[in-house]
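Novice: One file: work09.csv (CSV, C-alpha atoms and all ligand atoms).
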```csv
chain,number,residue,atom,x,y,z
A,1025,MET,CA,10.5,-18.4,-32.0
A,1026,SER,CA,7.4,-16.7,-30.8
A,1027,ASN,CA,3.7,-17.0,-31.1
A,1028,HIS,CA,3.2,-13.4,-30.0
A,1029,PHE,CA,0.6,-11.4,-32.0
A,1030,PRO,CA,-0.2,-7.7,-31.9
A,1031,VAL,CA,-2.6,-6.7,-29.1
A,1032,ASP,CA,-4.2,-3.4,-28.3
A,1033,ARG,CA,-6.5,-1.8,-25.8
A,1034,ASP,CA,-9.7,-2.9,-27.6
A,1035,LEU,CA,-8.8,-6.5,-26.9
A,1036,PHE,CA,-9.2,-5.8,-23.2
A,1037,ASN,CA,-12.9,-5.4,-23.6
A,1038,ASP,CA,-13.1,-8.7,-25.6
A,1039,VAL,CA,-11.2,-11.0,-23.3
A,1040,MET,CA,-11.0,-9.4,-19.8
A,1041,VAL,CA,-13.6,-9.5,-17.0
A,1042,PRO,CA,-14.9,-5.9,-16.9
A,1043,ASN,CA,-14.0,-5.0,-13.3
A,1044,TYR,CA,-11.3,-2.6,-14.4
A,1045,ALA,CA,-11.3,0.4,-16.8
A,1046,PRO,CA,-7.6,0.7,-17.7
A,1047,SER,CA,-6.3,3.7,-19.6
A,1048,ALA,CA,-5.9,3.7,-23.3
A,1049,VAL,CA,-2.1,3.5,-23.0
A,1050,ILE,CA,-0.4,0.1,-22.8
A,1051,PRO,CA,3.1,0.5,-21.3
A,1052,VAL,CA,5.6,-2.0,-22.6
A,1053,ARG,CA,8.9,-1.2,-20.8
A,1054,GLY,CA,10.3,1.0,-18.0
A,1055,LYS,CA,13.6,2.1,-16.6
A,1056,GLY,CA,13.8,4.0,-13.3
A,1057,SER,CA,11.0,6.5,-13.3
A,1058,ARG,CA,10.4,6.5,-17.0
A,1059,VAL,CA,8.0,4.3,-18.9
A,1060,TRP,CA,7.4,3.8,-22.7
A,1061,ASP,CA,4.2,2.7,-24.3
A,1062,GLN,CA,3.5,0.6,-27.4
A,1063,GLN,CA,4.1,3.6,-29.6
A,1064,ASP,CA,7.4,4.3,-27.8
A,1065,ARG,CA,5.9,7.5,-26.2
A,1066,GLU,CA,7.8,8.3,-23.0
A,1067,TYR,CA,6.1,9.0,-19.6
A,1068,ILE,CA,7.4,10.1,-16.3
A,1069,ASP,CA,6.0,7.8,-13.6
A,1070,PHE,CA,4.6,9.5,-10.5
A,1071,ALA,CA,2.2,6.6,-9.9
A,1072,GLY,CA,4.7,3.9,-9.2
A,1073,GLY,CA,2.3,1.1,-9.9
A,1074,ILE,CA,0.2,2.4,-7.0
A,1075,ALA,CA,3.0,2.8,-4.4
A,1076,VAL,CA,4.5,-0.6,-5.4
A,1077,ASN,CA,7.6,0.3,-7.5
A,1078,CYS,CA,9.6,1.8,-4.6
A,1079,LEU,CA,12.8,1.6,-6.7
A,1080,GLY,CA,11.3,2.5,-10.0
A,1081,HIS,CA,11.2,0.1,-13.0
A,1082,CYS,CA,13.8,-2.6,-13.5
A,1083,HIS,CA,16.1,-1.4,-10.7
A,1084,PRO,CA,19.5,-3.3,-11.3
A,1085,ALA,CA,19.5,-4.8,-7.7
A,1086,LEU,CA,16.0,-6.3,-8.3
A,1087,VAL,CA,16.7,-7.5,-11.8
A,1088,SER,CA,19.9,-9.1,-10.6
A,1089,ALA,CA,18.1,-10.8,-7.6
A,1090,LEU,CA,15.4,-12.1,-9.9
A,1091,LYS,CA,17.8,-13.4,-12.5
A,1092,GLU,CA,20.0,-15.0,-9.9
A,1093,GLN,CA,17.2,-16.7,-8.0
A,1094,GLY,CA,15.5,-17.5,-11.3
A,1095,GLU,CA,18.4,-19.8,-12.2
A,1096,LYS,CA,18.3,-21.5,-8.7
A,1097,ILE,CA,14.9,-22.4,-7.5
A,1098,TRP,CA,11.5,-20.8,-8.1
A,1099,HIS,CA,9.0,-22.6,-5.9
A,1100,LEU,CA,8.8,-25.2,-3.2
A,1101,SER,CA,5.6,-24.7,-1.2
A,1102,ASN,CA,5.5,-24.5,2.5
A,1103,VAL,CA,6.1,-28.2,2.9
A,1104,MET,CA,9.7,-27.0,2.8
A,1105,THR,CA,11.2,-23.6,3.9
A,1106,ASN,CA,13.8,-21.8,1.7
A,1107,GLU,CA,16.8,-19.6,2.1
A,1108,PRO,CA,15.4,-16.3,0.6
A,1109,ALA,CA,12.3,-16.5,2.9
A,1110,LEU,CA,14.4,-17.1,6.0
A,1111,ARG,CA,16.8,-14.2,5.1
A,1112,LEU,CA,14.0,-11.7,4.4
A,1113,ALA,CA,12.1,-12.8,7.6
A,1114,LYS,CA,15.3,-12.3,9.6
A,1115,LYS,CA,15.8,-8.8,8.2
A,1116,LEU,CA,12.2,-7.8,8.9
A,1117,VAL,CA,12.6,-9.1,12.5
A,1118,ASP,CA,15.9,-7.4,13.0
A,1119,ASN,CA,14.6,-4.0,11.7
A,1120,THR,CA,11.1,-3.8,13.3
A,1121,PHE,CA,9.2,-4.5,16.5
A,1122,ALA,CA,8.3,-8.0,15.1
A,1123,GLU,CA,9.6,-11.3,16.2
A,1124,LYS,CA,7.6,-13.5,13.8
A,1125,ILE,CA,6.8,-13.3,10.1
A,1126,TYR,CA,4.1,-14.8,8.0
A,1127,PHE,CA,4.5,-14.4,4.2
A,1128,ALA,CA,1.6,-13.9,1.8
A,1129,ASN,CA,1.2,-12.7,-1.8
A,1130,SER,CA,-0.9,-9.6,-1.6
A,1131,GLY,CA,-2.0,-6.9,0.8
A,1132,ALA,CA,-5.4,-8.4,1.2
A,1133,GLU,CA,-3.9,-11.8,2.0
A,1134,SER,CA,-1.6,-10.4,4.7
A,1135,ASN,CA,-4.6,-8.5,6.2
A,1136,GLU,CA,-6.7,-11.7,6.0
A,1137,ALA,CA,-4.0,-13.4,8.0
A,1138,ALA,CA,-3.8,-10.6,10.5
A,1139,LEU,CA,-7.6,-10.6,11.1
A,1140,LYS,CA,-7.7,-14.4,11.4
A,1141,LEU,CA,-4.8,-14.4,13.8
A,1142,ALA,CA,-6.5,-11.7,15.9
A,1143,ARG,CA,-9.7,-13.7,16.1
A,1144,ARG,CA,-7.9,-16.9,17.1
A,1145,TRP,CA,-5.8,-15.0,19.7
A,1146,ALA,CA,-8.9,-13.3,21.2
A,1147,ILE,CA,-11.1,-16.4,21.3
A,1148,GLU,CA,-8.4,-18.7,22.7
A,1149,VAL,CA,-7.0,-16.2,25.3
A,1150,HIS,CA,-10.2,-14.3,26.3
A,1151,GLY,CA,-13.2,-16.4,25.2
A,1152,SER,CA,-15.5,-17.0,22.3
A,1153,ASP,CA,-17.4,-13.7,22.5
A,1154,LYS,CA,-14.3,-11.5,22.0
A,1155,THR,CA,-14.7,-11.2,18.2
A,1156,GLN,CA,-15.5,-7.6,17.4
A,1157,ILE,CA,-13.3,-5.9,14.8
A,1158,ILE,CA,-13.2,-2.1,14.8
A,1159,ALA,CA,-12.0,-0.4,11.6
A,1160,PHE,CA,-12.5,3.0,10.0
A,1161,LYS,CA,-14.7,4.7,7.5
A,1162,GLN,CA,-12.9,5.3,4.2
A,1163,GLY,CA,-10.3,2.7,5.2
A,1164,PHE,CA,-9.0,0.2,2.7
A,1165,HIS,CA,-7.7,-3.2,3.4
A,1166,GLY,CA,-8.1,-5.2,0.2
A,1167,ARG,CA,-10.8,-7.1,-1.7
A,1168,THR,CA,-11.1,-10.6,-0.1
A,1169,PHE,CA,-14.5,-10.8,1.5
A,1170,PHE,CA,-13.3,-10.4,5.1
A,1171,THR,CA,-10.9,-7.5,4.3
A,1172,VAL,CA,-13.3,-5.6,2.1
A,1173,THR,CA,-15.9,-5.9,4.8
A,1174,VAL,CA,-13.4,-4.5,7.3
A,1175,GLY,CA,-12.6,-1.7,4.8
A,1176,GLY,CA,-14.7,1.4,5.3
A,1177,GLN,CA,-16.6,1.7,2.0
A,1178,ALA,CA,-19.8,-0.4,2.1
A,1179,ALA,CA,-20.1,0.0,-1.7
A,1180,TYR,CA,-17.1,-2.3,-2.1
A,1181,SER,CA,-18.5,-5.1,0.1
A,1182,ASP,CA,-22.2,-4.8,-0.8
A,1183,GLY,CA,-23.8,-7.1,-3.3
A,1184,PHE,CA,-22.0,-10.3,-2.4
A,1185,GLY,CA,-24.5,-11.7,0.1
A,1186,PRO,CA,-24.0,-12.1,3.9
A,1187,LYS,CA,-20.8,-10.4,5.1
A,1188,PRO,CA,-18.4,-11.7,7.8
A,1189,ALA,CA,-19.9,-10.6,11.1
A,1190,ASP,CA,-19.0,-8.4,14.0
A,1191,VAL,CA,-17.2,-5.7,12.0
A,1192,VAL,CA,-17.9,-2.1,12.9
A,1193,HIS,CA,-16.5,1.3,11.7
A,1194,ALA,CA,-15.5,4.3,13.6
A,1195,GLU,CA,-14.4,7.7,12.2
A,1196,TYR,CA,-10.7,8.3,11.5
A,1197,ASN,CA,-9.2,11.0,13.7
A,1198,ASN,CA,-12.2,10.9,16.0
A,1199,LEU,CA,-11.3,9.1,19.2
A,1200,ASP,CA,-14.7,9.5,20.7
A,1201,SER,CA,-16.2,7.5,17.8
A,1202,VAL,CA,-13.8,4.7,18.8
A,1203,LYS,CA,-14.6,5.0,22.5
A,1204,ALA,CA,-18.3,4.7,21.6
A,1205,LEU,CA,-17.7,1.3,20.0
A,1206,ILE,CA,-14.9,-0.4,21.9
A,1207,SER,CA,-15.5,-2.8,24.8
A,1208,ASP,CA,-14.0,-5.9,26.3
A,1209,LYS,CA,-15.7,-7.8,23.4
A,1210,THR,CA,-13.3,-6.0,21.0
A,1211,CYS,CA,-10.8,-8.3,19.5
A,1212,ALA,CA,-8.8,-5.9,17.4
A,1213,ILE,CA,-8.7,-2.4,15.8
A,1214,MET,CA,-7.4,-2.5,12.2
A,1215,ILE,CA,-6.2,0.9,10.9
A,1216,GLU,CA,-3.9,2.4,8.3
A,1217,PRO,CA,-1.4,4.7,10.0
A,1218,LEU,CA,-2.1,7.1,7.1
A,1219,GLN,CA,-5.2,6.5,5.1
A,1220,GLY,CA,-4.2,6.0,1.5
A,1221,GLU,CA,-7.1,5.1,-0.8
A,1222,GLY,CA,-9.4,7.0,1.6
A,1223,GLY,CA,-7.8,10.3,0.7
A,1224,ILE,CA,-4.2,10.6,2.1
A,1225,ILE,CA,-5.2,11.4,5.6
A,1226,SER,CA,-2.6,11.5,8.4
A,1227,PRO,CA,-3.6,10.6,11.9
A,1228,THR,CA,-3.3,13.2,14.6
A,1229,ASP,CA,-0.8,12.4,17.3
A,1230,GLU,CA,-3.6,12.4,19.9
A,1231,PHE,CA,-5.8,10.1,17.9
A,1232,ILE,CA,-3.2,7.4,17.0
A,1233,LYS,CA,-1.8,7.3,20.6
A,1234,GLY,CA,-5.4,7.3,21.9
A,1235,VAL,CA,-6.2,4.3,19.7
A,1236,ARG,CA,-3.2,2.4,21.2
A,1237,GLN,CA,-4.3,3.3,24.7
A,1238,LEU,CA,-7.9,2.1,24.1
A,1239,CYS,CA,-6.6,-1.2,22.7
A,1240,ASP,CA,-4.5,-1.7,25.9
A,1241,GLN,CA,-7.4,-0.8,28.2
A,1242,HIS,CA,-9.7,-3.4,26.5
A,1243,ASN,CA,-7.1,-6.1,25.7
A,1244,ALA,CA,-7.6,-5.6,22.0
A,1245,LEU,CA,-4.9,-6.0,19.4
A,1246,LEU,CA,-3.8,-3.1,17.3
A,1247,ILE,CA,-3.3,-4.0,13.7
A,1248,PHE,CA,-1.5,-1.5,11.5
A,1249,ASP,CA,-2.2,-2.0,7.8
A,1250,GLU,CA,1.1,-0.7,6.3
A,1251,VAL,CA,0.5,-2.2,2.9
A,1252,GLN,CA,0.8,1.3,1.3
A,1253,THR,CA,2.8,3.1,3.9
A,1254,GLY,CA,5.5,0.5,4.5
A,1255,VAL,CA,9.0,0.0,3.2
A,1256,GLY,CA,10.2,3.6,3.1
A,1257,ARG,CA,7.1,5.3,1.6
A,1258,THR,CA,6.7,7.8,4.4
A,1259,GLY,CA,10.4,8.4,4.9
A,1260,ASP,CA,10.6,5.9,7.8
A,1261,LEU,CA,11.1,2.2,7.1
A,1262,TYR,CA,7.6,1.8,8.5
A,1263,ALA,CA,5.2,4.6,9.3
A,1264,TYR,CA,4.6,3.4,12.9
A,1265,MET,CA,8.2,4.3,13.6
A,1266,GLY,CA,7.5,8.0,12.7
A,1267,LEU,CA,4.4,8.0,14.9
A,1268,GLY,CA,5.9,6.5,18.0
A,1269,VAL,CA,3.1,4.0,18.3
A,1270,THR,CA,3.9,0.3,18.0
A,1271,PRO,CA,1.2,-2.1,16.8
A,1272,ASP,CA,0.7,-5.8,17.8
A,1273,ILE,CA,0.4,-6.9,14.2
A,1274,LEU,CA,1.6,-5.1,11.1
A,1275,THR,CA,0.9,-5.9,7.4
A,1276,THR,CA,3.2,-5.0,4.5
A,1277,ALA,CA,2.9,-5.6,0.8
A,1278,LYS,CA,3.1,-3.2,-2.2
A,1279,ALA,CA,6.7,-1.8,-1.9
A,1280,LEU,CA,7.9,-5.0,-0.2
A,1281,GLY,CA,8.6,-6.7,-3.5
A,1282,GLY,CA,9.3,-3.5,-5.5
A,1283,GLY,CA,7.0,-4.9,-8.2
A,1284,PHE,CA,7.1,-8.6,-7.5
A,1285,PRO,CA,4.0,-9.8,-5.7
A,1286,ILE,CA,4.8,-10.5,-2.0
A,1287,ALA,CA,3.3,-9.5,1.3
A,1288,ALA,CA,4.0,-10.2,5.0
A,1289,MET,CA,2.3,-10.1,8.4
A,1290,LEU,CA,4.6,-9.1,11.2
A,1291,THR,CA,3.8,-9.8,14.9
A,1292,THR,CA,5.2,-10.9,18.3
A,1293,THR,CA,6.1,-14.4,19.4
A,1294,GLU,CA,3.4,-14.2,22.0
A,1295,ILE,CA,0.6,-13.5,19.5
A,1296,ALA,CA,2.0,-15.6,16.7
A,1297,GLN,CA,1.7,-18.8,18.7
A,1298,TYR,CA,-2.1,-18.8,18.1
A,1299,LEU,CA,-1.6,-19.5,14.4
A,1300,LYS,CA,-0.5,-23.0,15.1
A,1301,ILE,CA,0.2,-25.8,12.6
A,1302,GLY,CA,-2.6,-26.1,10.2
A,1303,THR,CA,-4.6,-23.0,11.2
A,1304,HIS,CA,-3.7,-20.9,8.1
A,1305,GLY,CA,-1.6,-21.2,5.0
A,1306,SER,CA,-0.8,-20.3,1.4
A,1307,THR,CA,0.7,-22.3,-1.5
A,1308,TYR,CA,2.8,-19.4,-2.7
A,1309,GLY,CA,3.4,-17.5,0.5
A,1310,GLY,CA,7.2,-17.1,1.1
A,1311,ASN,CA,8.0,-18.3,-2.5
A,1312,PRO,CA,11.8,-18.1,-3.0
A,1313,LEU,CA,11.6,-16.0,-6.1
A,1314,ALA,CA,9.4,-13.4,-4.4
A,1315,CYS,CA,11.5,-13.4,-1.2
A,1316,ALA,CA,14.8,-13.0,-3.1
A,1317,VAL,CA,13.4,-9.9,-4.9
A,1318,GLY,CA,11.9,-8.7,-1.6
A,1319,GLU,CA,15.2,-9.1,0.2
A,1320,ALA,CA,17.0,-7.0,-2.5
A,1321,ALA,CA,14.3,-4.3,-2.3
A,1322,PHE,CA,14.5,-4.3,1.5
A,1323,ASP,CA,18.3,-4.0,1.5
A,1324,THR,CA,18.2,-1.2,-1.1
A,1325,VAL,CA,15.5,0.9,0.6
A,1326,ASN,CA,16.6,0.4,4.2
A,1327,THR,CA,19.5,2.8,4.1
A,1328,PRO,CA,19.8,6.3,5.5
A,1329,GLU,CA,20.5,7.6,1.9
A,1330,VAL,CA,17.2,6.3,0.5
A,1331,LEU,CA,15.1,7.1,3.6
A,1332,ASN,CA,16.5,10.6,4.0
A,1333,GLY,CA,16.2,11.0,0.2
A,1334,VAL,CA,12.4,10.4,0.5
A,1335,LYS,CA,12.1,13.5,2.7
A,1336,ALA,CA,14.1,15.7,0.4
A,1337,LYS,CA,12.3,14.4,-2.7
A,1338,ALA,CA,8.9,14.9,-1.1
A,1339,GLN,CA,9.8,18.5,-0.4
A,1340,LEU,CA,10.7,19.0,-4.1
A,1341,CYS,CA,7.2,17.6,-5.1
A,1342,ILE,CA,5.4,19.8,-2.6
A,1343,ASP,CA,7.3,22.9,-3.6
A,1344,ALA,CA,6.4,22.2,-7.3
A,1345,LEU,CA,2.8,21.6,-6.5
A,1346,ASN,CA,2.6,24.8,-4.4
A,1347,ALA,CA,4.1,26.7,-7.3
A,1348,ILE,CA,1.5,25.2,-9.7
A,1349,ASN,CA,-1.2,26.1,-7.2
A,1350,ASP,CA,0.1,29.7,-6.9
A,1351,LYS,CA,-0.4,30.1,-10.7
A,1352,TYR,CA,-3.7,28.2,-11.2
A,1353,ASN,CA,-5.4,28.0,-7.8
A,1354,VAL,CA,-6.7,24.4,-8.1
A,1355,PHE,CA,-5.7,22.9,-4.8
A,1356,SER,CA,-7.1,23.5,-1.3
A,1357,GLU,CA,-4.3,21.5,0.4
A,1358,ILE,CA,-1.2,19.5,-0.4
A,1359,ARG,CA,-0.9,16.7,2.2
A,1360,GLY,CA,0.5,13.3,3.1
A,1361,LYS,CA,3.9,12.1,4.3
A,1362,GLY,CA,7.1,11.3,2.5
A,1363,LEU,CA,6.4,10.3,-1.1
A,1364,LEU,CA,2.7,9.6,-0.5
A,1365,ILE,CA,1.3,12.9,-1.5
A,1366,GLY,CA,-2.3,14.1,-2.0
A,1367,ALA,CA,-3.1,17.3,-3.9
A,1368,VAL,CA,-6.7,18.1,-2.8
A,1369,LEU,CA,-8.8,19.9,-5.4
A,1370,ASN,CA,-10.5,23.0,-4.2
A,1371,GLU,CA,-14.3,23.8,-4.4
A,1372,THR,CA,-14.0,24.8,-8.1
A,1373,TYR,CA,-12.5,21.5,-9.2
A,1374,GLN,CA,-14.4,19.0,-7.1
A,1375,GLY,CA,-14.9,15.6,-8.7
A,1376,ARG,CA,-12.3,16.3,-11.5
A,1377,ALA,CA,-9.3,14.2,-10.3
A,1378,LYS,CA,-9.8,11.5,-12.9
A,1379,GLU,CA,-10.1,14.1,-15.6
A,1380,ILE,CA,-6.8,15.6,-14.5
A,1381,LEU,CA,-5.1,12.2,-14.3
A,1382,ILE,CA,-6.1,11.6,-18.0
A,1383,ALA,CA,-4.9,15.1,-19.0
A,1384,ALA,CA,-1.6,14.5,-17.2
A,1385,MET,CA,-1.2,11.1,-19.0
A,1386,ALA,CA,-1.8,12.9,-22.3
A,1387,GLU,CA,1.1,15.3,-21.4
A,1388,GLY,CA,3.4,12.3,-20.6
A,1389,VAL,CA,3.2,12.0,-16.8
A,1390,MET,CA,1.5,9.2,-14.8
A,1391,THR,CA,-0.3,10.1,-11.6
A,1392,LEU,CA,-3.0,8.5,-9.4
A,1393,VAL,CA,-6.2,9.6,-7.7
A,1394,ALA,CA,-7.4,8.9,-4.2
A,1395,GLY,CA,-11.1,9.4,-4.6
A,1396,PRO,CA,-12.9,11.8,-6.9
A,1397,SER,CA,-11.2,15.0,-5.8
A,1398,ILE,CA,-7.6,14.2,-4.8
A,1399,ILE,CA,-4.6,13.7,-7.1
A,1400,ARG,CA,-2.2,11.2,-5.6
A,1401,PHE,CA,1.6,10.9,-6.1
A,1402,ALA,CA,3.5,7.8,-5.2
A,1403,PRO,CA,6.7,7.9,-7.2
A,1404,SER,CA,9.8,5.8,-6.9
A,1405,LEU,CA,11.6,6.5,-3.6
A,1406,VAL,CA,14.8,7.0,-5.7
A,1407,ILE,CA,13.3,9.1,-8.5
A,1408,PRO,CA,16.0,11.5,-9.8
A,1409,ASP,CA,15.4,15.1,-8.9
A,1410,THR,CA,15.5,16.0,-12.5
A,1411,ASP,CA,12.6,13.6,-13.3
A,1412,ILE,CA,10.6,15.3,-10.5
A,1413,ALA,CA,11.2,18.7,-12.1
A,1414,GLU,CA,10.4,17.4,-15.6
A,1415,GLY,CA,7.3,15.5,-14.5
A,1416,MET,CA,6.0,18.4,-12.6
A,1417,ALA,CA,6.5,20.7,-15.6
A,1418,LEU,CA,4.3,18.2,-17.6
A,1419,PHE,CA,1.8,18.0,-14.8
A,1420,GLU,CA,1.6,21.8,-14.9
A,1421,LYS,CA,0.7,21.7,-18.6
A,1422,ALA,CA,-2.2,19.4,-17.8
A,1423,ILE,CA,-3.4,21.7,-15.0
A,1424,ALA,CA,-3.1,24.7,-17.3
A,1425,LYS,CA,-5.4,23.0,-19.8
A,1426,ILE,CA,-8.0,22.0,-17.1
A,1427,ALA,CA,-7.9,25.4,-15.5
A,1428,SER,CA,-8.2,27.5,-18.6
F,1501,LIG,C1,-3.4,-1.7,-1.7
F,1501,LIG,C2,-3.8,-1.8,-0.3
F,1501,LIG,C3,-4.3,-3.1,0.1
F,1501,LIG,C4,-4.6,-4.2,-0.8
F,1501,LIG,O1,-3.5,-4.8,-1.3
F,1501,LIG,P1,-3.7,-5.9,-2.5
F,1501,LIG,O2,-2.3,-6.3,-2.8
F,1501,LIG,O3,-4.3,-5.2,-3.6
F,1501,LIG,O4,-4.5,-7.0,-2.0
F,1501,LIG,C5,-4.6,-3.2,1.5
F,1501,LIG,N1,-4.4,-2.2,2.3
F,1501,LIG,C6,-3.9,-1.0,1.9
F,1501,LIG,C7,-3.7,0.1,2.9
F,1501,LIG,C8,-3.6,-0.8,0.6
F,1501,LIG,O5,-3.2,0.4,0.2
```
Could you write out this file's structure as structure tokens?

Specialist:
Amino acid sequence: MSNHFPVDRDLFNDVMVPNYAPSAVIPVRGKGSRVWDQQDREYIDFAGGIAVNCLGHCHPALVSALKEQGEKIWHLSNVMTNEPALRLAKKLVDNTFAEKIYFANSGAESNEAALKLARRWAIEVHGSDKTQIIAFKQGFHGRTFFTVTVGGQAAYSDGFGPKPADVVHAEYNNLDSVKALISDKTCAIMIEPLQGEGGIISPTDEFIKGVRQLCDQHNALLIFDEVQTGVGRTGDLYAYMGLGVTPDILTTAKALGGGFPIAAMLTTTEIAQYLKIGTHGSTYGGNPLACAVGEAAFDTVNTPEVLNGVKAKAQLCIDALNAINDKYNVFSEIRGKGLLIGAVLNETYQGRAKEILIAAMAEGVMTLVAGPSIIRFAPSLVIPDTDIAEGMALFEKAIAKIAS
């Protein structure tokens, strides 16, 4: 019994709000790092659902957690707590700096919670004029109106009327630009510990430590947006661990559910107390189904084998990209950390990242872009080495076509 009817890409234009421009391909199933479309064409997935599918598609541990919880209880709301939420929260607390967890459903929502908490904390502890948020140009924190205003691309927040106030932007990796803005009126600095959407930009050691120091000097909170970098992506459980800089608030989403929508805000008991009863909330946040899958993803990723594997697999990707570049001279730099890799197009190929992504898709490999001139790779953390080799061979074919 089914009332399914055939659908194709054309229907998108008929029935969907036109804020996206999806590819012509409609994938219908996936297994590990392979995906098949409606015509049963096979693709190797280096995109990972934008750094979400940390264990590839339909990982057995996640499928089993979903099925098991799916037969037990799906949803309660926060009028009651639930076992999966408590277990996942306990694991996040035991494995990070955090002492308290707030669950949300998306990266933007976890950042919204972080920003609201920082404001409450600052106003209650230090006074009503400590409200300034410092963030960074090219930063990305989501699409709610507060988070998109904190994000560093005005084009994304323009055109919606008056923006949330007291948000300013410094330059990433430029400590002087932060010094020029920060004061005792600063409530928090929100920063990605590696800019993802903004172009795969790692912070210098001096910069990120300097940002922590400036926050301490001015009693401002340091918020790390680890929505993209969290849960093993960089080879550490969280990127802050590899930087040796601990934030006051951290947000995590994307890979946290391995493909199931879930997010969390992590903080200390001292700061958490300012989100007291009734100050913030979410109907779905901490939903048992999401948390059960999140727990399975967390357990699977948080092992030395997977985390060390990220470093080894990243090297395979980098070696393959360098070999492609030796032949075709298209990249000026291969950068990033762990399995969040950016291949930066050189002068000759500026602005052609999207074109390369489409060419790669035509060869059977899914990639991402980070802006007009960077190809981004965010594959599964457990992608088989043979899939990396095969996918890179397909990617090379696409580059050969573009470069000829
Ligand atoms: C993807 C992303 C977000 C937004 O997450 P959504 O789930 O789309 O709301 C926020 N911050 C960073 C760093 C991201 O990469």

Novice: Please provide the set of residues having any atom within 6 Å of Val1255 (chain A), restricted to only C-alpha atoms, with same-chain residues fewer than 5 positions apart removed, written as number ranges by chain.

Specialist: A: 1261-1262, 1279

Novice: Do you know which residues are at most 9 Å from region 1195-1204 of chain A counting all atoms listed in the file, after dropping those on the same chain fewer than 3 positions away, and could you put them as a count of residues only?

Specialist: 19

Novice: Go through region 1309-1364 of chain A and flag each residue having an atom no more than 7 Å from region 1393-1416 of chain A; for those, report the closest pair of atoms plus their distance in Å to one decimal, using all atoms listed in the file, ordered by chain and rising number, as CSV.

Specialist:
```
residue,atom,partner,partner_atom,distance
A:Val1330,CA,A:Val1406,CA,6.7
A:Val1334,CA,A:Leu1405,CA,5.7
A:Lys1337,CA,A:Asp1409,CA,7.0
A:Cys1341,CA,A:Ile1412,CA,6.8
A:Ala1344,CA,A:Met1416,CA,6.5
A:Leu1363,CA,A:Ala1402,CA,5.6
A:Leu1364,CA,A:Ala1402,CA,5.1
```

Novice: Of the candidates A:Glu1420, A:Glu1148, A:Asp1032, A:Asp1350, which shows the shortest atom-to-atom distance to Gly1388 (chain A), using only C-alpha atoms?

Specialist: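 Nearest to Gly1388 (chain A): A:Glu1420.
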
Novice: Let me see if you get this right: every residue at most 8 Å from ligand LIG 1501 (chain F), counting all atoms listed in the file, written as a PyMOL selection string.

Specialist: chain A and resi 1074+1129-1133+1135+1163-1168+1216+1219-1221+1249-1253+1277-1278+1285+1287

Novice: Report, in Å to a single decimal, how far apart CA of Ala1048 (chain A) and CA of Phe1036 (chain A) are.

Specialist: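 Those two atoms sit 10.1 Å apart.
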
Novice: Please, what distance in Å, to one decimal, runs between CA of Gly1259 (chain A) and CA of Gly1283 (chain A)?

Specialist: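 A separation of 19.0 Å between them.
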
Novice: Near region 1076-1091 of chain A, counting all atoms listed in the file, which residues have an atom at most 9 Å away, once you skip same-chain residues fewer than 4 positions from it, shown as a compact mmCIF listing (two decimals) with C-alpha atoms, in the coordinates of the input?

Specialist:
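Okay, around_31.txt is ready:
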```txt
# COMPACT_ATOMS: atom_id res chain seq x y z
CA ARG A 1053 8.90 -1.20 -20.80
CA GLY A 1054 10.30 1.00 -18.00
CA LYS A 1055 13.60 2.10 -16.60
CA GLY A 1056 13.80 4.00 -13.30
CA SER A 1057 11.00 6.50 -13.30
CA ARG A 1058 10.40 6.50 -17.00
CA VAL A 1059 8.00 4.30 -18.90
CA ASP A 1069 6.00 7.80 -13.60
CA ALA A 1071 2.20 6.60 -9.90
CA GLY A 1072 4.70 3.90 -9.20
CA GLU A 1095 18.40 -19.80 -12.20
CA LYS A 1096 18.30 -21.50 -8.70
CA GLN A 1252 0.80 1.30 1.30
CA VAL A 1255 9.00 0.00 3.20
CA GLY A 1256 10.20 3.60 3.10
CA ARG A 1257 7.10 5.30 1.60
CA ALA A 1277 2.90 -5.60 0.80
CA LYS A 1278 3.10 -3.20 -2.20
CA ALA A 1279 6.70 -1.80 -1.90
CA LEU A 1280 7.90 -5.00 -0.20
CA GLY A 1281 8.60 -6.70 -3.50
CA GLY A 1282 9.30 -3.50 -5.50
CA GLY A 1283 7.00 -4.90 -8.20
CA PHE A 1284 7.10 -8.60 -7.50
CA LEU A 1313 11.60 -16.00 -6.10
CA ALA A 1314 9.40 -13.40 -4.40
CA ALA A 1316 14.80 -13.00 -3.10
CA VAL A 1317 13.40 -9.90 -4.90
CA GLY A 1318 11.90 -8.70 -1.60
CA GLU A 1319 15.20 -9.10 0.20
CA ALA A 1320 17.00 -7.00 -2.50
CA ALA A 1321 14.30 -4.30 -2.30
CA THR A 1324 18.20 -1.20 -1.10
CA VAL A 1325 15.50 0.90 0.60
CA ALA A 1402 3.50 7.80 -5.20
CA PRO A 1403 6.70 7.90 -7.20
CA SER A 1404 9.80 5.80 -6.90
CA LEU A 1405 11.60 6.50 -3.60
CA VAL A 1406 14.80 7.00 -5.70
CA ILE A 1407 13.30 9.10 -8.50
```

Novice: Near Gln1374 (chain A), within 10 Å and counting all atoms listed in the file, which residues show up once chain neighbours fewer than 2 positions away are dropped, as JSON, numbers by chain?

Specialist: {"A": [1354, 1355, 1368, 1369, 1370, 1371, 1372, 1376, 1377, 1396, 1397, 1398]}

Novice: What's the separation between CA of Glu1066 (chain A) and CA of Ile1380 (chain A), in Å to one decimal place?

Specialist: 18.4 Å

Novice: With only C-alpha atoms as the atoms that count, which of A:Ser1134, A:Ser1152, A:Asn1353, A:Asn1037 lies nearest to Ile1286 (chain A)?

Specialist: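 For Ile1286 (chain A), the nearest of the given residues is A:Ser1134.
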